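Dumped my_file.cif below, it's mmCIF, C-alpha atoms:
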data_coords
#
loop_
_atom_site.label_atom_id
_atom_site.label_comp_id
_atom_site.auth_asym_id
_atom_site.auth_seq_id
_atom_site.Cartn_x
_atom_site.Cartn_y
_atom_site.Cartn_z
CA MET A 1 48.31 31.19 34.97
CA HIS A 2 46.34 34.39 35.47
CA ILE A 3 43.72 34.61 38.20
CA LEU A 4 41.12 37.34 38.67
CA ARG A 5 40.22 38.06 42.28
CA LEU A 6 36.68 39.40 42.78
CA ALA A 7 35.87 40.93 46.14
CA GLN A 8 32.59 40.09 47.84
CA LYS A 9 29.72 42.50 47.16
CA SER A 10 26.02 41.87 47.73
CA GLU A 11 24.28 45.20 47.02
CA PHE A 12 23.93 46.85 43.61
CA ASP A 13 22.26 50.21 43.12
CA SER A 14 20.63 51.19 39.79
CA ILE A 15 23.36 50.07 37.40
CA GLN A 16 23.17 50.04 33.60
CA ILE A 17 24.90 47.22 31.70
CA PRO A 18 25.64 47.85 27.98
CA LEU A 19 25.26 44.24 26.84
CA PRO A 20 27.22 42.88 23.87
CA SER A 21 25.48 41.94 20.63
CA SER A 22 24.21 38.42 20.04
CA LYS A 23 26.87 36.03 18.76
CA SER A 24 24.16 33.64 17.56
CA GLU A 25 22.37 36.26 15.46
CA SER A 26 25.65 37.76 14.22
CA ASN A 27 27.09 34.49 12.95
CA ARG A 28 23.90 33.56 11.11
CA ALA A 29 23.59 37.02 9.57
CA LEU A 30 27.22 36.86 8.39
CA VAL A 31 26.69 33.55 6.57
CA ILE A 32 23.52 34.86 4.94
CA ASP A 33 25.37 38.03 3.98
CA ALA A 34 28.16 35.96 2.40
CA LEU A 35 25.56 34.00 0.42
CA THR A 36 24.25 37.33 -0.96
CA PHE A 37 27.77 38.57 -1.76
CA GLY A 38 27.76 41.19 1.00
CA LYS A 39 24.87 43.23 -0.38
CA ASN A 40 23.22 43.68 3.02
CA GLU A 41 23.55 46.40 5.63
CA ILE A 42 24.21 44.54 8.88
CA THR A 43 24.83 46.58 12.01
CA ASN A 44 25.70 45.94 15.67
CA LEU A 45 27.70 42.76 14.99
CA ALA A 46 29.04 40.98 18.06
CA GLU A 47 32.50 41.72 19.46
CA ALA A 48 32.82 38.05 20.45
CA ARG A 49 35.93 36.24 19.25
CA ASP A 50 33.75 33.64 17.50
CA THR A 51 32.11 36.35 15.41
CA GLN A 52 35.34 38.22 14.73
CA THR A 53 36.86 34.92 13.57
CA MET A 54 33.91 34.43 11.21
CA ILE A 55 34.33 37.96 9.81
CA ARG A 56 38.07 37.50 9.29
CA LEU A 57 37.73 34.15 7.52
CA LEU A 58 34.94 35.34 5.24
CA GLU A 59 36.81 38.53 4.33
CA THR A 60 40.24 36.97 3.71
CA SER A 61 39.14 33.51 2.48
CA PRO A 62 42.40 31.67 3.30
CA PRO A 63 42.90 28.09 2.03
CA VAL A 64 42.65 26.86 5.64
CA PHE A 65 39.62 27.92 7.66
CA ASP A 66 41.08 27.79 11.19
CA VAL A 67 38.07 28.57 13.39
CA LEU A 68 40.06 28.37 16.65
CA ASP A 69 37.55 27.23 19.31
CA ALA A 70 34.38 28.49 17.59
CA GLY A 71 31.92 25.62 17.16
CA THR A 72 29.27 27.69 15.39
CA THR A 73 31.86 29.07 12.99
CA MET A 74 33.16 25.56 12.23
CA ARG A 75 29.72 24.19 11.44
CA PHE A 76 28.36 27.16 9.51
CA LEU A 77 31.50 27.63 7.40
CA THR A 78 31.68 23.91 6.60
CA ALA A 79 28.26 24.12 4.95
CA TYR A 80 29.00 27.53 3.39
CA ALA A 81 32.31 26.46 1.85
CA THR A 82 30.69 23.29 0.51
CA VAL A 83 27.72 24.93 -1.19
CA THR A 84 29.90 27.68 -2.71
CA ASN A 85 32.27 25.02 -4.15
CA GLN A 86 35.34 26.21 -2.30
CA LYS A 87 38.31 23.98 -1.61
CA LYS A 88 39.04 24.47 2.07
CA VAL A 89 40.63 22.69 4.97
CA MET A 90 38.51 23.08 8.12
CA THR A 91 40.38 22.96 11.42
CA GLY A 92 40.58 24.53 14.87
CA THR A 93 42.05 24.13 18.34
CA ALA A 94 42.82 20.71 19.81
CA ARG A 95 39.49 20.80 21.67
CA MET A 96 37.66 21.86 18.49
CA CYS A 97 39.09 18.80 16.74
CA GLU A 98 37.60 16.63 19.52
CA ARG A 99 34.10 17.99 18.91
CA PRO A 100 32.07 15.81 16.52
CA ILE A 101 30.98 17.06 13.10
CA GLY A 102 30.07 13.74 11.46
CA ILE A 103 26.32 14.37 11.46
CA LEU A 104 26.76 17.56 9.40
CA VAL A 105 29.34 16.04 7.04
CA ASP A 106 27.10 13.00 6.47
CA ALA A 107 24.17 15.30 5.65
CA LEU A 108 26.27 17.29 3.18
CA ARG A 109 27.66 14.12 1.58
CA SER A 110 24.14 12.74 1.22
CA ILE A 111 23.21 15.62 -1.09
CA GLY A 112 26.39 15.31 -3.17
CA ALA A 113 29.18 17.06 -1.27
CA GLU A 114 32.78 15.87 -1.50
CA ILE A 115 34.40 16.04 1.96
CA HIS A 116 37.02 13.81 3.53
CA TYR A 117 38.54 13.67 6.99
CA LEU A 118 42.24 14.33 7.44
CA ASN A 119 42.63 12.59 10.78
CA ASN A 120 39.86 10.95 12.80
CA GLU A 121 36.61 9.91 11.13
CA GLY A 122 33.75 12.18 12.22
CA TYR A 123 35.99 14.96 13.55
CA PRO A 124 37.92 17.94 12.20
CA PRO A 125 40.21 18.56 10.47
CA MET A 126 38.65 17.77 7.11
CA ALA A 127 39.10 18.80 3.49
CA ILE A 128 36.17 20.25 1.57
CA HIS A 129 36.08 19.87 -2.21
CA GLY A 130 32.66 21.41 -2.85
CA LEU A 131 29.30 20.23 -4.14
CA PRO A 132 29.71 19.33 -7.84
CA GLU A 133 26.05 18.35 -8.25
CA GLN A 134 23.10 18.13 -5.90
CA THR A 135 21.99 14.53 -5.94
CA THR A 136 18.85 14.74 -3.79
CA ASP A 137 16.59 17.35 -2.20
CA LYS A 138 15.96 15.34 0.97
CA VAL A 139 18.15 14.77 3.99
CA LYS A 140 17.68 13.29 7.46
CA ILE A 141 19.42 14.79 10.51
CA ARG A 142 19.23 13.77 14.15
CA GLY A 143 17.57 16.53 16.14
CA ASP A 144 18.99 15.67 19.54
CA VAL A 145 22.72 16.39 19.12
CA SER A 146 23.32 19.97 17.93
CA SER A 147 20.91 22.41 16.35
CA GLN A 148 23.92 24.03 14.65
CA TYR A 149 24.09 21.15 12.16
CA ILE A 150 20.47 21.80 11.23
CA SER A 151 20.94 25.58 11.06
CA ALA A 152 23.99 25.12 8.83
CA MET A 153 21.96 23.05 6.36
CA LEU A 154 18.99 25.40 6.50
CA MET A 155 21.01 28.50 5.60
CA ILE A 156 22.43 26.89 2.45
CA ALA A 157 19.10 25.28 1.48
CA PRO A 158 17.67 28.19 -0.59
CA ILE A 159 20.64 28.37 -2.95
CA LEU A 160 20.69 24.62 -3.63
CA PRO A 161 19.31 24.01 -7.16
CA MET A 162 16.63 21.64 -5.83
CA GLY A 163 16.08 23.39 -2.51
CA LEU A 164 16.02 21.07 0.49
CA GLU A 165 13.68 19.16 2.77
CA ILE A 166 15.17 18.30 6.15
CA GLU A 167 13.62 15.50 8.19
CA LEU A 168 14.45 15.84 11.88
CA GLU A 169 14.87 12.45 13.49
CA GLY A 170 14.04 11.84 17.14
CA LYS A 171 13.81 14.44 19.87
CA VAL A 172 14.63 17.97 18.68
CA GLY A 173 16.97 19.88 20.99
CA SER A 174 17.61 23.65 21.00
CA ARG A 175 14.48 24.13 18.90
CA THR A 176 14.56 27.87 19.53
CA TYR A 177 17.91 28.13 17.71
CA ILE A 178 16.39 26.43 14.66
CA GLU A 179 13.47 28.88 14.87
CA MET A 180 15.95 31.76 15.11
CA THR A 181 17.70 30.59 11.94
CA LEU A 182 14.43 30.31 10.02
CA GLU A 183 13.15 33.69 11.24
CA LEU A 184 16.43 35.35 10.26
CA MET A 185 16.23 33.72 6.84
CA ALA A 186 12.67 35.04 6.53
CA GLN A 187 13.91 38.57 7.25
CA PHE A 188 16.20 38.14 4.24
CA GLY A 189 13.28 37.12 2.01
CA ILE A 190 13.25 33.33 2.36
CA SER A 191 10.02 31.34 2.61
CA TYR A 192 9.81 27.90 4.20
CA ILE A 193 7.32 25.34 5.48
CA TRP A 194 7.82 23.55 8.81
CA GLU A 195 5.28 20.80 9.36
CA GLY A 196 5.80 18.16 12.00
CA ASN A 197 9.38 16.95 11.82
CA ARG A 198 9.99 18.20 8.25
CA ILE A 199 11.30 21.60 7.17
CA HIS A 200 11.00 22.39 3.46
CA VAL A 201 12.97 25.26 1.93
CA PRO A 202 12.41 25.70 -1.84
CA HIS A 203 15.11 26.97 -4.18
CA GLN A 204 15.02 30.79 -4.04
CA TYR A 205 17.26 33.80 -3.49
CA TYR A 206 18.10 35.79 -0.38
CA GLN A 207 16.99 39.40 -0.70
CA PRO A 208 19.45 42.11 0.39
CA THR A 209 18.16 43.98 3.42
CA ARG A 210 19.08 45.95 6.54
CA PHE A 211 19.47 44.03 9.76
CA ALA A 212 20.47 45.18 13.25
CA VAL A 213 21.70 42.46 15.63
CA GLU A 214 19.99 42.39 19.04
CA SER A 215 21.88 42.33 22.33
CA ASP A 216 22.82 38.91 23.64
CA TRP A 217 20.40 37.10 25.93
CA SER A 218 23.04 34.50 26.85
CA GLY A 219 25.23 37.35 28.11
CA ALA A 220 22.24 38.85 29.89
CA SER A 221 21.72 35.68 31.92
CA TYR A 222 24.75 36.35 34.16
CA TRP A 223 23.31 39.68 35.26
CA PHE A 224 19.96 38.08 36.07
CA SER A 225 21.90 35.59 38.19
CA LEU A 226 23.92 38.32 39.91
CA LEU A 227 20.78 40.17 40.97
CA ALA A 228 19.02 36.94 42.01
CA CYS A 229 21.93 36.12 44.34
CA ALA A 230 22.36 39.69 45.64
CA ASP A 231 20.84 41.01 48.85
CA SER A 232 19.47 44.10 47.10
CA GLY A 233 19.79 46.08 43.90
CA GLU A 234 18.45 47.00 40.49
CA LEU A 235 20.00 46.52 37.05
CA PHE A 236 19.06 47.82 33.60
CA LEU A 237 20.22 45.67 30.68
CA GLU A 238 20.50 47.63 27.45
CA GLY A 239 19.44 46.52 23.97
CA LEU A 240 17.12 43.59 24.72
CA LYS A 241 13.74 43.06 23.03
CA GLU A 242 10.68 41.48 24.58
CA ASN A 243 9.85 39.56 21.39
CA SER A 244 13.31 38.13 20.82
CA LEU A 245 14.46 35.53 18.28
CA GLN A 246 16.89 34.18 20.88
CA GLY A 247 15.88 31.11 22.86
CA ASP A 248 17.94 32.21 25.84
CA SER A 249 15.33 34.91 26.50
CA ALA A 250 13.79 32.04 28.52
CA ILE A 251 15.98 33.41 31.33
CA VAL A 252 13.18 35.92 32.03
CA GLU A 253 10.76 33.13 32.99
CA ILE A 254 13.39 31.10 34.84
CA MET A 255 14.56 34.03 36.94
CA ASP A 256 10.99 35.06 37.72
CA HIS A 257 11.01 31.88 39.87
CA LEU A 258 14.37 32.81 41.39
CA GLY A 259 13.63 36.33 42.61
CA VAL A 260 14.06 38.64 39.60
CA LYS A 261 11.26 40.75 38.15
CA SER A 262 11.75 41.85 34.52
CA THR A 263 10.12 44.97 33.10
CA PHE A 264 10.69 45.82 29.44
CA GLU A 265 11.19 49.51 28.83
CA LYS A 266 12.46 51.63 25.97
CA GLY A 267 16.02 50.56 25.27
CA GLY A 268 16.12 47.38 27.32
CA VAL A 269 14.86 45.55 30.39
CA LEU A 270 14.80 46.60 34.05
CA LEU A 271 15.67 43.91 36.61
CA GLN A 272 14.40 44.26 40.18
CA LYS A 273 14.42 42.02 43.23
CA GLN A 274 11.25 40.15 44.18
CA PRO A 275 10.49 37.23 46.52
CA VAL A 276 11.83 33.85 45.38
CA LYS A 277 8.91 31.69 44.18
CA GLY A 278 11.05 28.57 43.79
CA LEU A 279 12.23 26.60 40.77
CA GLN A 280 11.40 22.91 41.16
CA ASN A 281 12.47 21.74 37.70
CA TRP A 282 13.46 22.99 34.26
CA ASP A 283 14.01 21.39 30.87
CA PHE A 284 17.04 22.99 29.16
CA THR A 285 16.55 21.15 25.86
CA HIS A 286 15.96 24.40 23.99
CA CYS A 287 18.26 26.68 26.01
CA PRO A 288 21.29 24.58 27.05
CA ASP A 289 23.60 27.60 27.33
CA LEU A 290 21.60 28.75 30.36
CA ALA A 291 22.19 25.57 32.35
CA GLN A 292 25.46 26.60 34.00
CA THR A 293 24.06 29.99 35.02
CA VAL A 294 20.90 28.54 36.52
CA ALA A 295 22.72 25.68 38.27
CA VAL A 296 25.01 28.12 40.07
CA THR A 297 22.08 30.40 40.94
CA CYS A 298 20.07 27.54 42.42
CA ALA A 299 23.08 26.28 44.37
CA ILE A 300 23.60 29.74 45.91
CA LEU A 301 19.91 30.40 46.62
CA GLY A 302 19.21 27.03 48.22
CA GLN A 303 16.97 25.73 45.44
CA ASN A 304 16.78 21.94 45.19
CA ALA A 305 15.98 21.88 41.47
CA ILE A 306 15.69 19.07 38.90
CA PHE A 307 17.29 19.70 35.48
CA THR A 308 16.71 17.79 32.25
CA GLY A 309 17.72 18.44 28.64
CA LEU A 310 21.44 18.67 29.41
CA GLU A 311 22.57 16.05 26.86
CA SER A 312 24.38 18.49 24.57
CA LEU A 313 26.45 19.92 27.44
CA ARG A 314 28.94 17.07 27.22
CA ILE A 315 30.14 18.11 23.72
CA LYS A 316 30.49 21.85 24.27
CA GLU A 317 33.74 23.77 24.86
CA THR A 318 34.29 21.28 27.67
CA ASP A 319 32.19 18.55 29.27
CA ARG A 320 30.05 21.11 31.07
CA ILE A 321 28.31 18.58 33.30
CA TYR A 322 31.64 17.33 34.66
CA ALA A 323 32.94 20.90 34.98
CA LEU A 324 29.84 22.01 36.90
CA GLN A 325 30.09 19.04 39.25
CA GLN A 326 33.73 19.81 40.03
CA GLU A 327 33.28 23.53 40.63
CA LEU A 328 29.97 23.38 42.53
CA ALA A 329 31.66 21.01 44.98
CA LYS A 330 34.10 23.78 45.89
CA PHE A 331 31.32 25.57 47.79
CA ASN A 332 29.62 22.40 49.01
CA ALA A 333 26.95 22.11 46.32
CA GLU A 334 26.24 19.23 43.93
CA LEU A 335 24.90 18.47 40.47
CA LYS A 336 23.87 14.86 40.95
CA GLU A 337 22.64 12.52 38.22
CA ILE A 338 19.66 10.86 39.91
CA GLU A 339 18.46 9.04 36.78
CA PRO A 340 19.99 8.80 33.30
CA GLU A 341 20.11 12.41 32.00
CA VAL A 342 18.14 13.73 35.00
CA PHE A 343 20.15 15.95 37.35
CA GLN A 344 19.43 17.43 40.75
CA VAL A 345 21.04 20.60 42.07
CA ILE A 346 21.78 20.08 45.74
CA PRO A 347 22.50 23.55 47.11
CA SER A 348 25.30 24.74 49.32
CA VAL A 349 24.77 24.74 53.07
CA THR A 350 28.10 26.29 54.05
CA MET A 351 30.05 28.85 52.03
CA PRO A 352 33.87 28.98 52.20
CA HIS A 353 35.61 32.32 52.76
CA GLN A 354 37.06 32.05 49.25
CA VAL A 355 36.32 29.92 46.18
CA GLN A 356 38.72 29.40 43.25
CA ILE A 357 37.02 28.46 39.97
CA HIS A 358 38.77 26.50 37.23
CA THR A 359 37.34 27.56 33.85
CA TYR A 360 38.22 24.58 31.58
CA ASP A 361 38.82 26.86 28.55
CA ASP A 362 35.07 27.53 28.69
CA HIS A 363 33.83 31.13 28.66
CA ARG A 364 30.52 30.20 30.26
CA MET A 365 32.19 28.60 33.27
CA ALA A 366 33.92 31.89 34.09
CA MET A 367 30.78 33.98 33.71
CA ALA A 368 28.32 31.56 35.33
CA PHE A 369 30.32 31.44 38.57
CA MET A 370 30.81 35.22 38.78
CA PRO A 371 27.62 35.70 40.92
CA LEU A 372 29.33 33.76 43.73
CA LEU A 373 30.89 37.12 44.61
CA THR A 374 27.59 38.01 46.30
CA LYS A 375 28.45 35.45 49.02
CA THR A 376 32.24 35.16 49.15
CA GLU A 377 35.52 36.20 47.56
CA VAL A 378 35.95 34.53 44.16
CA LEU A 379 39.10 33.67 42.22
CA ILE A 380 38.53 33.05 38.49
CA GLU A 381 41.29 31.17 36.68
CA GLU A 382 42.21 32.38 33.17
CA PRO A 383 39.60 35.18 33.10
CA ASP A 384 40.37 36.06 29.45
CA VAL A 385 38.44 32.95 28.42
CA VAL A 386 35.36 35.24 28.27
CA ASN A 387 36.75 36.76 25.04
CA LYS A 388 35.09 33.93 23.11
CA SER A 389 31.64 35.48 23.54
CA TYR A 390 31.79 38.54 25.84
CA PRO A 391 35.17 40.35 25.77
CA SER A 392 33.90 43.30 27.81
CA PHE A 393 32.46 41.12 30.59
CA TRP A 394 34.93 42.01 33.34
CA LYS A 395 34.72 45.71 32.43
CA HIS A 396 30.97 45.44 32.90
CA VAL A 397 31.47 43.67 36.24
CA ALA A 398 33.57 46.67 37.28
CA LEU A 399 30.58 48.93 36.46
CA THR A 400 28.73 47.30 39.37
CA GLY A 401 31.37 48.52 41.83
CA VAL A 402 32.93 45.11 42.40
CA GLN A 403 36.61 45.45 43.34
CA SER A 404 38.95 43.18 41.43
CA GLU A 405 42.62 42.53 40.73
CA ILE A 406 44.68 40.24 38.50
CA LEU A 407 46.93 37.78 40.28
CA SER A 408 49.58 35.66 38.59
CA GLU A 409 50.63 32.19 39.54
CA ALA A 410 53.75 30.50 38.18
#
Starting from the file, lay out its structure as structure tokens.
Amino acid sequence: MHILRLAQKSEFDSIQIPLPSSKSESNRALVIDALTFGKNEITNLAEARDTQTMIRLLETSPPVFDVLDAGTTMRFLTAYATVTNQKKVMTGTARMCERPIGILVDALRSIGAEIHYLNNEGYPPMAIHGLPEQTTDKVKIRGDVSSQYISAMLMIAPILPMGLEIELEGKVGSRTYIEMTLELMAQFGISYIWEGNRIHVPHQYYQPTRFAVESDWSGASYWFSLLACADSGELFLEGLKENSLQGDSAIVEIMDHLGVKSTFEKGGVLLQKQPVKGLQNWDFTHCPDLAQTVAVTCAILGQNAIFTGLESLRIKETDRIYALQQELAKFNAELKEIEPEVFQVIPSVTMPHQVQIHTYDDHRMAMAFMPLLTKTEVLIEEPDVVNKSYPSFWKHVALTGVQSEILSEA
């Protein structure tokens, strides 16, 4: 096992962070590009392993789409392969094959797709045989499990002969990701109507265009957290837009409560320290990928916050609620379920001289706990896990002046 040791550092002077490109925007743009036979000019694609996996599979088109641990890639390519009548086997890592996909497969089958599971019902691997004929233009999808199922169906909707009307059932989670998908589709010439819980996309054609991917707001969140937890400093995050399509730009509002002032300037956003106003509660329904970052920040800053909207965290790269509970306990903090699906962050009162973080094969666990270095020495197990979304993360940590070294453990 490899371990990255991060020395304690609590002051950061005027540092620029060249953020990576958005994985979420990149993966959507790549599917749309594939549906227009690569006639677009797409720039600034993400370096994330998920995106590079998507690029490789689309370019080489092997008979088996092995997405590794990329959930977005699994879901988007399942819909893409189906609508383009490709015969593919969809598979991934052992953990990927434990992540449910039944809701998406059921939706595709309901409009005429031929898909069957090769092992466990509702889970990869599965064999795709295409969409011989669209049998209906209406489909119902639960809105409270994963927005990626909905986004996958939306992106193929325009090229379906009948178009598609999606009825979202129940509470809609990660709504901002659905909005991102629709806005991206609109930039490629697609019109749609979203009224109430129904989204209607008529049959039409994507229009080739130029599209530059924005920097990643999920990746930005760790730097907001670092400054919030620091004693002093100033950071400039490159490539972010004030009017972003990404739901994780909510980190600006969240961190305004936790001591970070954001000023948008040419080329990015300037982060500066300000007094902590306090964060009493937050609903993460539409930005679940921020939950780990904010939980750690609150635990460090002494904020007794109430979190809701964490339901989808149990089916991510790991059970993120369990993982947070285990790792927060290592510096005497808690994430306590006080009512069903209502969690309270109980902050740390004493900080150990060193904290070792297990990462659970989850990139966000490694990055979310990095700001602990403002209070103590931190050991991060399997630091390369960040390659899934932010391969240059530790290089960027080094830009802040934090001293680090790789340790090995037999």
Written as a PyMOL selection string, what is the full residue list that the PyMOL selection byres ((chain A and resi 288-293) around 10) yields on the file shown?
chain A and resi 173-174+217-219+221-226+247-251+254+282-287+294-298+307-313+316+320-321+323-324+364-371
For this structure, which residues satisfy the selection - the PyMOL selection byres ((chain A and resi 132-145) around 6) - when it is evaluated on the file as given? I want them as a list in words.
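That selection, the PyMOL selection byres ((chain A and resi 132-145) around 6), comes back as Ile111, Gly112, Leu131, Ser146, Met162, Leu164, Glu165, Ile166, Glu167, Leu168, Glu169, Gly170, Lys171, Val172 and Gly173 of chain A.
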Once the PyMOL selection byres ((chain A and resi 2) around 10) has been applied to the shown file, what residues remain in the selection, as a list in words?
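The output of the PyMOL selection byres ((chain A and resi 2) around 10) on this file is Met1, Ile3, Leu4, Arg5, Leu379, Ile380, Glu381, Glu382, Pro383, Asp384, Ile406, Leu407, Ser408, Glu409 and Ala410 of chain A.
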Go through segment 142-248 of chain A and flag each residue having an atom no more than 10 Å from segment 72-84 of chain A; for those, report the closest pair of atoms plus their distance in Å to one decimal, using all atoms listed in the file, ordered by chain and rising number, as CSV.
residue,atom,partner,partner_atom,distance
A:Ser147,CA,A:Thr72,CA,9.9
A:Gln148,CA,A:Thr72,CA,6.5
A:Tyr149,CA,A:Arg75,CA,6.4
A:Ile150,CA,A:Arg75,CA,9.6
A:Ser151,CA,A:Phe76,CA,7.7
A:Ala152,CA,A:Phe76,CA,4.9
A:Met153,CA,A:Ala79,CA,6.5
A:Leu154,CA,A:Ala79,CA,9.5
A:Met155,CA,A:Tyr80,CA,8.3
A:Ile156,CA,A:Tyr80,CA,6.7
A:Ala157,CA,A:Val83,CA,9.0
A:Ile159,CA,A:Val83,CA,8.1
A:Leu160,CA,A:Val83,CA,7.4
Could you tell me how far atom CA of Lys395 of chain A lies from atom CA of Ile17 of chain A, in Å and to one decimal?
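Straight-line distance from atom CA of Lys395 of chain A to atom CA of Ile17 of chain A works out to 10.0 Å.
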Measure the distance from atom CA of Leu30 of chain A to atom CA of Pro391 of chain A in Å and round it to one decimal.
19.4 Å
Do you have the atom CA of Ser215 of chain A-atom CA of Asn387 of chain A distance handy?
16.1 Å
My list of candidates is A:Ser389, A:Leu68, A:Leu335, A:Leu301. Which is closest to Val349 of chain A when distances are computed with only C-alpha atoms?
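Result for the nearest residue to Val349 of chain A: A:Leu301.
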Using all atoms listed in the file, what table do you get, as a tab-separated table, when you list each residue of segment 213-321 of chain A with an atom no more than 10 Å from segment 45-60 of chain A, its nearest pair of atoms, and their distance in Å rounded to one decimal, rows by chain then rising number?
residue	atom	partner	partner_atom	distance
A:Val213	CA	A:Leu45	CA	6.0
A:Glu214	CA	A:Leu45	CA	8.7
A:Ser215	CA	A:Ala46	CA	8.4
A:Asp216	CA	A:Ala46	CA	8.6
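Minimum distance to Glu238 of chain A across A:Gly278, A:Gly130, A:Gly268, A:Gly189 (counting only C-alpha atoms) occurs at A:Gly268.
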Closest of A:Val378, A:Asn304, A:Val386, A:Lys23 to Gln403 of chain A - atom-to-atom distances counting all atoms listed in the file:
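With all atoms listed in the file as the atom set, the closest residue is A:Val378.
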Could you make a table, as JSON lines, of the residues of segment 326-407 of chain A that have an atom within 12 Å of an atom of segment 86-104 of chain A, each with its nearest atom pair and distance in Å to one decimal, counting all atoms listed in the file, in chain and number order?
{"residue": "A:Tyr360", "atom": "CA", "partner": "A:Arg95", "partner_atom": "CA", "distance": 10.7}
{"residue": "A:Asp361", "atom": "CA", "partner": "A:Arg95", "partner_atom": "CA", "distance": 9.2}
{"residue": "A:Asp362", "atom": "CA", "partner": "A:Arg95", "partner_atom": "CA", "distance": 10.7}
